[in-house]
Amino acid sequence: MTVISSETACAAESAPPDRMLNQHLAGLDDRDLLDIVRLSPRASERRAVACELLVTRHQSLVRSCVRPYLHSPEPAEDLMQVGYVGLLKAISNFDPAVGCSLATYARPCISGELKRHFRDKRWQVRVKRPVQDLVLEVREATWRLAQELGRTPAESDMAQHLGVSRDDLRQAQRAELAFWPHSLDAPLGGQPGILADILGEEDPRMEHMLGMQAVAAHWGELPAREQEILLMDFCGGMTQAQIGQRLRISQMHVSRLRAHALGYLRSRLLDPKEHSVAYG
């Protein structure tokens with residue numbers, strides 16, 4: 001993988017470095033190369049060669065940081081580029097006073113760059129920041145736990161490892177679907193046509209739901225007995241004779257009250273301003 005030098009702090013603005021200089025610096029350890037990066041002018045050839053050598057030496061570190069994200073829709077080559085950006089930032093900002101190796105210092109820099117990339121550039125829909133962070137933690141932990149357990153981690157394993165509830169974990173798993181948008185031209189599995197063909201179709205239940213909402217708005221205007229009759233009829237599936245027996249009134253009386261109630265609701269739904277139906 002060749003990192004685009006013009007995009008990094010370790011870019012070389014002159015011709016390709018001299019082979020002799022490359023061979024000379026190749027014999028130095030990381031600390032000496034980091035000193036060259038820290039003390040040399042940013043546009044110097046010597047600094048560019050030192051940077052290039054350090055990047056080459058730590059390619060495996062970048063690959064290990066990228067590995068948990070390889071099952072994402074992002075191309076592996078693009079992820080490696082992002083990882084190299086994080087490595088170059090670590091090389092440029094390394095402070096020898098911290099007393100650790102470059103690899104130890106660079107790993108969180110690389111992982112942080114990858115997380116920023118996903119957080120800022122890959123979300124197709126708006127997802128809350130804590131959920132975004134948990135999605136990335138789950139992805140990284142899945143690979144690590146699989147290595148430790150020798151199997152795909154269960155939901156309980158993951159929740160315990162991350163110290164989160166199962167509800168939070170499921171929310172993160174649903175949010176990850178935002179990384180996988182589907183094209184409207186995608187074919188339908190097992191049947192002819194494309195995804196766009198089935199989107200926007202009228203749901204036959206929608207009209208029923210709207211009708212029930214409209215009825216609910218005027219339900220309280222009915223007398224209690226008429227409400228009871230309609231509930232036994234439409235919800236209980238009872239006949240008018242059974243309703244009459246339950247209420248101890250004649251079947252004809254049930255029919256009259258039922259018709260009266262339905263007529264009132266119909267008039268209110270068709271003409272909300274009409275109040276002509278009176279109760280006797």
# chains A, B, ... in the order shown; residues from 1 in each chain; ligands from 1
>>> residues_around(residues="Leu39 (chain A)", least_positions_apart="6", cutoff="12 Å", atoms="only C-alpha atoms", output="count of residues only")
10
>>> residues_around(residues="region 62-79 of chain A", least_positions_apart="3", cutoff="10 Å", atoms="only C-alpha atoms", output="VMD selection string")
chain A and resid 1 55 58 to 59 82 to 87 103 106 to 115 117 to 118 122 136 to 144 176 179 to 181
>>> closest_residue(among="A:Leu54, A:Ala241, A:Val254, A:Leu169", to="Pro130 (chain A)", atoms="only C-alpha atoms")
A:Leu169
>>> atom_distance(atom1="CA of Ala97 (chain A)", atom2="CA of Thr56 (chain A)")
23.7 Å
>>> residues_around(residues="Leu231 (chain A)", least_positions_apart="6", cutoff="12 Å", atoms="only C-alpha atoms", output="PyMOL selection string")
chain A and resi 219+224-225+237-240+243+258+261-262
>>> atom_distance(atom1="CA of Pro41 (chain A)", atom2="CA of Gln81 (chain A)")
24.6 Å
